[in-house]
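To be precise, the following lines are work-v6.csv, and they hold CSV, C-alpha atoms.
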```csv
chain,number,residue,atom,x,y,z
A,1,ASP,CA,-177.0,-29.4,18.5
A,2,ASP,CA,-178.3,-27.0,21.1
A,3,MET,CA,-178.7,-29.7,23.7
A,4,ILE,CA,-174.9,-30.2,23.6
A,5,TYR,CA,-174.3,-26.6,24.3
A,6,ASN,CA,-176.7,-26.6,27.2
A,7,ALA,CA,-175.0,-29.7,28.7
A,8,ALA,CA,-171.5,-28.3,28.3
A,9,PHE,CA,-172.5,-24.9,29.8
A,10,LYS,CA,-174.2,-26.7,32.7
A,11,LYS,CA,-171.2,-28.8,33.4
A,12,ALA,CA,-168.9,-25.8,33.3
A,13,GLY,CA,-171.2,-23.8,35.6
A,14,VAL,CA,-172.1,-21.3,32.9
A,15,VAL,CA,-175.5,-19.6,33.0
A,16,ARG,CA,-177.1,-19.3,29.6
A,17,VAL,CA,-179.3,-16.3,29.0
A,18,ASP,CA,-181.7,-15.7,26.1
A,19,THR,CA,-181.0,-12.2,24.9
A,20,LEU,CA,-178.2,-9.6,24.7
A,21,GLU,CA,-180.2,-7.4,27.1
A,22,GLU,CA,-180.2,-10.2,29.7
A,23,LEU,CA,-176.5,-10.7,29.2
A,24,LEU,CA,-175.8,-7.1,29.9
A,25,ASN,CA,-178.2,-6.9,32.8
A,26,CYS,CA,-176.5,-10.0,34.4
A,27,ALA,CA,-173.0,-8.7,33.8
A,28,ARG,CA,-173.9,-5.5,35.5
A,29,ALA,CA,-175.8,-7.1,38.4
A,30,PHE,CA,-173.5,-10.1,39.1
A,31,SER,CA,-170.5,-7.7,39.5
A,32,ILE,CA,-172.1,-6.0,42.5
A,33,MET,CA,-174.5,-8.7,44.0
A,34,PRO,CA,-173.5,-11.5,46.4
A,35,ALA,CA,-174.6,-15.1,45.7
A,36,PRO,CA,-177.6,-16.3,47.7
A,37,ARG,CA,-177.1,-18.9,50.5
A,38,GLY,CA,-180.4,-20.6,49.9
A,39,GLU,CA,-183.5,-20.6,47.8
A,40,ASN,CA,-185.9,-18.5,49.9
A,41,VAL,CA,-187.0,-15.3,48.1
A,42,LEU,CA,-189.1,-12.6,49.7
A,43,ILE,CA,-190.8,-9.7,48.0
A,44,VAL,CA,-191.4,-6.4,49.8
A,45,THR,CA,-193.5,-3.9,47.8
A,46,GLY,CA,-195.4,-0.7,48.2
A,47,THR,CA,-198.2,-1.7,45.9
A,48,GLY,CA,-200.1,-4.9,45.5
A,49,GLY,CA,-200.2,-4.7,41.7
A,50,LEU,CA,-196.5,-4.5,41.4
A,51,GLY,CA,-196.2,-7.3,43.9
A,52,VAL,CA,-198.3,-9.6,41.7
A,53,LEU,CA,-196.1,-8.8,38.6
A,54,LEU,CA,-193.0,-9.7,40.6
A,55,ALA,CA,-194.5,-12.9,42.0
A,56,ASP,CA,-195.6,-14.0,38.5
A,57,ALA,CA,-192.1,-13.3,37.2
A,58,CYS,CA,-190.6,-15.4,40.0
A,59,SER,CA,-192.6,-18.4,38.9
A,60,ARG,CA,-191.3,-17.9,35.3
A,61,HIS,CA,-187.7,-17.7,36.5
A,62,ASN,CA,-187.7,-20.6,38.9
A,63,LEU,CA,-187.5,-18.6,42.1
A,64,LYS,CA,-189.0,-20.0,45.3
A,65,LEU,CA,-191.3,-17.5,47.0
A,66,MET,CA,-190.9,-18.6,50.7
A,67,SER,CA,-193.9,-19.2,53.0
A,68,LEU,CA,-193.7,-17.1,56.1
A,69,ASP,CA,-193.8,-18.7,59.5
A,70,ASP,CA,-196.3,-17.3,61.9
A,71,ASP,CA,-193.7,-15.4,63.9
A,72,LEU,CA,-192.3,-13.6,60.8
A,73,ALA,CA,-195.7,-12.9,59.4
A,74,GLY,CA,-196.7,-11.5,62.7
A,75,ALA,CA,-193.7,-9.2,62.9
A,76,PHE,CA,-194.5,-7.8,59.4
A,77,LYS,CA,-198.1,-7.3,60.4
A,78,LYS,CA,-197.0,-5.0,63.3
A,79,LEU,CA,-195.3,-2.8,60.8
A,80,ILE,CA,-197.9,-2.2,58.1
A,81,PRO,CA,-201.5,-1.0,57.9
A,82,PRO,CA,-204.4,-3.5,58.5
A,83,PHE,CA,-205.2,-3.4,54.8
A,84,GLY,CA,-201.7,-4.4,53.8
A,85,ALA,CA,-200.6,-8.0,53.0
A,86,THR,CA,-198.3,-10.2,55.1
A,87,GLY,CA,-198.1,-13.1,52.7
A,88,ASN,CA,-195.4,-13.1,50.1
A,89,PRO,CA,-195.3,-10.5,48.6
A,90,ILE,CA,-195.3,-8.3,51.7
A,91,ASP,CA,-197.5,-5.3,50.6
A,92,ILE,CA,-196.8,-2.3,52.9
A,93,THR,CA,-199.2,-0.2,50.8
A,94,GLY,CA,-198.5,3.0,49.0
A,95,GLY,CA,-199.2,5.6,51.7
A,96,GLU,CA,-196.4,4.5,54.0
A,97,PRO,CA,-193.5,6.8,55.1
A,98,PRO,CA,-189.8,5.9,54.7
A,99,GLU,CA,-189.7,4.5,58.2
A,100,THR,CA,-192.1,1.6,57.2
A,101,TYR,CA,-189.9,0.8,54.2
A,102,GLU,CA,-186.8,0.8,56.4
A,103,ALA,CA,-188.4,-1.4,59.1
A,104,ALA,CA,-189.7,-3.9,56.6
A,105,ILE,CA,-186.4,-4.2,54.7
A,106,THR,CA,-184.5,-4.5,57.9
A,107,LEU,CA,-186.8,-7.2,59.2
A,108,ALA,CA,-186.3,-9.2,56.0
A,109,LEU,CA,-182.6,-8.8,55.9
A,110,ASN,CA,-182.1,-9.7,59.6
A,111,ASP,CA,-184.1,-12.9,59.3
A,112,ASP,CA,-181.9,-15.9,58.4
A,113,ARG,CA,-184.8,-17.6,56.7
A,114,VAL,CA,-184.8,-15.0,53.9
A,115,ASP,CA,-182.1,-15.6,51.4
A,116,SER,CA,-182.8,-13.1,48.7
A,117,LEU,CA,-185.0,-9.9,48.7
A,118,ILE,CA,-186.9,-8.3,45.9
A,119,LEU,CA,-188.0,-4.7,46.4
A,120,GLY,CA,-190.9,-3.2,44.5
A,121,TYR,CA,-191.4,0.6,44.6
A,122,TRP,CA,-194.1,2.8,43.2
A,123,HIS,CA,-193.6,6.6,43.2
A,124,THR,CA,-195.5,8.3,46.0
A,125,LEU,CA,-195.4,11.8,47.6
A,126,VAL,CA,-195.0,10.3,51.1
A,127,THR,CA,-191.8,8.4,50.1
A,128,PRO,CA,-190.3,10.0,47.0
A,129,PRO,CA,-188.0,7.9,44.8
A,130,MET,CA,-184.6,9.1,46.2
A,131,VAL,CA,-185.9,8.9,49.7
A,132,PHE,CA,-186.8,5.3,49.0
A,133,ALA,CA,-183.4,4.5,47.5
A,134,LYS,CA,-181.5,6.1,50.4
A,135,THR,CA,-183.8,4.3,52.9
A,136,ALA,CA,-183.2,0.9,51.2
A,137,VAL,CA,-179.4,1.4,51.2
A,138,LEU,CA,-179.4,2.5,54.9
A,139,ALA,CA,-181.4,-0.6,55.9
A,140,LYS,CA,-179.1,-2.8,53.8
A,141,GLU,CA,-175.9,-1.4,55.4
A,142,LYS,CA,-177.2,-1.6,58.9
A,143,ALA,CA,-178.3,-5.2,58.4
A,144,GLU,CA,-174.9,-6.2,57.0
A,145,GLN,CA,-173.2,-4.6,60.0
A,146,LYS,CA,-175.4,-6.4,62.4
A,147,THR,CA,-175.4,-9.9,60.8
A,148,GLY,CA,-172.1,-9.9,58.9
A,149,ILE,CA,-174.0,-11.3,55.9
A,150,SER,CA,-174.6,-9.8,52.5
A,151,LYS,CA,-177.8,-11.0,50.8
A,152,PRO,CA,-178.7,-10.4,47.1
A,153,ILE,CA,-181.2,-7.5,46.8
A,154,VAL,CA,-182.8,-6.4,43.6
A,155,ALA,CA,-185.3,-3.6,43.0
A,156,THR,CA,-187.8,-2.4,40.5
A,157,LEU,CA,-189.1,1.2,40.5
A,158,ALA,CA,-192.1,2.7,38.7
A,159,GLY,CA,-193.1,6.3,38.4
A,160,ASP,CA,-191.9,9.4,36.7
A,161,VAL,CA,-188.3,10.0,35.6
A,162,ALA,CA,-187.2,10.6,39.2
A,163,VAL,CA,-187.1,6.8,39.7
A,164,GLU,CA,-184.2,6.6,37.2
A,165,GLU,CA,-181.9,8.7,39.4
A,166,ALA,CA,-183.0,6.6,42.4
A,167,ALA,CA,-182.2,3.4,40.5
A,168,LYS,CA,-178.7,4.8,39.8
A,169,TYR,CA,-178.2,5.5,43.5
A,170,LEU,CA,-179.2,2.0,44.4
A,171,GLU,CA,-176.8,0.5,41.9
A,172,ALA,CA,-174.0,2.7,43.2
A,173,HIS,CA,-174.6,1.0,46.6
A,174,LYS,CA,-174.7,-2.6,45.2
A,175,ILE,CA,-178.5,-3.0,44.7
A,176,PRO,CA,-179.2,-3.8,41.0
A,177,ALA,CA,-182.2,-1.7,40.1
A,178,PHE,CA,-184.4,-1.6,37.0
A,179,PRO,CA,-186.8,1.3,36.4
A,180,TYR,CA,-190.2,0.3,34.9
A,181,ALA,CA,-189.0,-3.3,34.5
A,182,PRO,CA,-190.2,-5.9,37.1
A,183,GLU,CA,-189.5,-8.8,34.6
A,184,ASP,CA,-185.8,-7.7,34.2
A,185,THR,CA,-185.4,-7.3,37.9
A,186,VAL,CA,-186.6,-10.9,38.6
A,187,ALA,CA,-184.8,-12.4,35.7
A,188,VAL,CA,-181.4,-11.1,37.0
A,189,LEU,CA,-182.1,-12.7,40.4
A,190,GLY,CA,-183.3,-15.9,38.7
A,191,PHE,CA,-180.1,-16.2,36.8
A,192,MET,CA,-178.1,-15.5,39.9
A,193,HIS,CA,-179.9,-18.3,41.7
A,194,GLN,CA,-179.3,-20.6,38.7
A,195,TRP,CA,-175.6,-19.8,38.8
A,196,ALA,CA,-175.5,-20.4,42.6
A,197,ARG,CA,-177.0,-23.9,42.1
A,198,LEU,CA,-174.5,-24.8,39.4
A,199,ALA,CA,-171.7,-23.5,41.6
A,200,GLY,CA,-172.9,-25.6,44.6
A,201,LYS,CA,-173.5,-22.6,46.8
A,202,ILE,CA,-177.2,-23.5,47.4
```

Can the structure in the file be given as structure tokens, please?
Amino acid sequence: DDMIYNAAFKKAGVVRVDTLEELLNCARAFSIMPAPRGENVLIVTGTGGLGVLLADACSRHNLKLMSLDDDLAGAFKKLIPPFGATGNPIDITGGEPPETYEAAITLALNDDRVDSLILGYWHTLVTPPMVFAKTAVLAKEKAEQKTGISKPIVATLAGDVAVEEAAKYLEAHKIPAFPYAPEDTVAVLGFMHQWARLAGKI
């Protein structure tokens, strides 16, 4: 009876995935990603459409998109163009340089209300894929040095084949990254949160 397996896995703290691909994705991501300390998830993206796909996937994978307090929303508003979005997802828009990505990621990671971060990147000439990847890693490392806390970060990248190399760079620096696959990106984080709940970490 499948219900018996579900109950046994839950009691043992085992996360049950649905496909072999999810198993491999989780094995890869869990080996490099820290557990979250809470349920609050924030999305930072360079395009609204990708942000919507990520937000919808969060709903399917039982991830809580946090509501931003006025001070945090105001801080993001100072970083992005007037036509960007400071809800959740944070849409910094597609024409922004690496400095905007770095500032937004840094702000998210330095705020103790943010427990997990999802990055959505769409290939642009202003911030090419590898530039985005190196910028994200730099922001991550600086935030960890400042706060002493490592937070789970996952990324999805869309564009031409250059995003595949950028994804490899992110993974080499402990950010699980999935080219062309926002659903896989969110699924991995969802399973990590599920495991953290079973383990009593959140």

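Using all atoms listed in the file, the smallest distance between any of A:Val188, A:Val44, A:Met33, A:Ala136 and Lys151 (chain A) comes from A:Met33.
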
Check your understanding: Nearest to Arg197 (chain A): which of A:Leu20, A:Ile4, A:Val114, A:Leu63 is it, counting only C-alpha atoms?
Key -> A:Leu63

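With CA of Met130 (chain A) on one side and CA of Leu50 (chain A) on the other, the separation reads 18.7 Å.
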
Using only C-alpha atoms, what does the table of region 96-173 of chain A residues within 12 Å of region 76-83 of chain A look like, with each row giving the shortest atom pair and its distance in Å to one decimal, sorted by chain and ascending number, as a tab-separated table?
```
residue	atom	partner	partner_atom	distance
A:Glu96	CA	A:Ile80	CA	8.0
A:Pro97	CA	A:Ile80	CA	10.5
A:Pro98	CA	A:Ile80	CA	11.9
A:Glu99	CA	A:Leu79	CA	9.6
A:Thr100	CA	A:Leu79	CA	6.5
A:Tyr101	CA	A:Leu79	CA	9.3
A:Glu102	CA	A:Leu79	CA	10.2
A:Ala103	CA	A:Leu79	CA	7.2
A:Ala104	CA	A:Phe76	CA	6.8
A:Ile105	CA	A:Phe76	CA	10.0
A:Thr106	CA	A:Phe76	CA	10.6
A:Leu107	CA	A:Phe76	CA	7.7
A:Ala108	CA	A:Phe76	CA	9.0
A:Asp111	CA	A:Phe76	CA	11.6
```

How would the residues just chosen look if you wrote them out with C-alpha atoms as a CSV table (one decimal), in the frame of the given file?
```csv
chain,number,residue,atom,x,y,z
A,96,GLU,CA,-196.4,4.5,54.0
A,97,PRO,CA,-193.5,6.8,55.1
A,98,PRO,CA,-189.8,5.9,54.7
A,99,GLU,CA,-189.7,4.5,58.2
A,100,THR,CA,-192.1,1.6,57.2
A,101,TYR,CA,-189.9,0.8,54.2
A,102,GLU,CA,-186.8,0.8,56.4
A,103,ALA,CA,-188.4,-1.4,59.1
A,104,ALA,CA,-189.7,-3.9,56.6
A,105,ILE,CA,-186.4,-4.2,54.7
A,106,THR,CA,-184.5,-4.5,57.9
A,107,LEU,CA,-186.8,-7.2,59.2
A,108,ALA,CA,-186.3,-9.2,56.0
A,111,ASP,CA,-184.1,-12.9,59.3
```

Study note, to complete from the structure: With distances taken over only C-alpha atoms, the candidate from A:Ile175, A:Ala27, A:Ala143, A:Leu109 nearest Val15 (chain A) is A:Ala27

Write out as a Markdown table a residue-level contact list of region 92-122 of chain A versus region 160-168 of chain A with cut-off 12 Å: for each qualifying residue the closest pair of atoms and the distance in Å to one decimal, counting only C-alpha atoms, rows sorted by chain and residue number upward.
```
| residue | atom | partner | partner_atom | distance |
| --- | --- | --- | --- | --- |
| A:Leu119 | CA | A:Ala167 | CA | 11.6 |
| A:Gly120 | CA | A:Ala167 | CA | 11.6 |
| A:Tyr121 | CA | A:Val163 | CA | 9.0 |
| A:Trp122 | CA | A:Val163 | CA | 8.8 |
```

Exercise for review: Could you please determine the separation between CA of Ala12 (chain A) and CA of Ile32 (chain A) in Å, to one decimal place?
Suggested key: 22.1 Å

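Between Ala57 (chain A) and the residues A:Ile118, A:Val17, A:Ala8, A:Ala133, the shortest atom-to-atom distance, using only C-alpha atoms, involves A:Ile118.
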
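Straight-line separation from CA of Leu72 (chain A) to CA of Ser59 (chain A): 22.4 Å.
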
**Study point:** Distance criterion (all atoms listed in the file): nearest to Ala196 (chain A) out of A:Pro36, A:Gly95, A:Gly46, A:Pro179
**Key:** A:Pro36

Check your understanding: If you count only C-alpha atoms, which residues fall within 10 Å of Ser67 (chain A), apart from same-chain ones fewer than 4 positions away, as an NGL selection string?
Key -> :A and (40-42 or 72-73 or 87-89 or 113)

Revision key, fill the gap. Residue with the minimum atom-to-atom distance to Glu183 (chain A), picked from A:Asp2, A:Asp115, A:Asp56, A:Glu21 with only C-alpha atoms counted, is A:Asp56
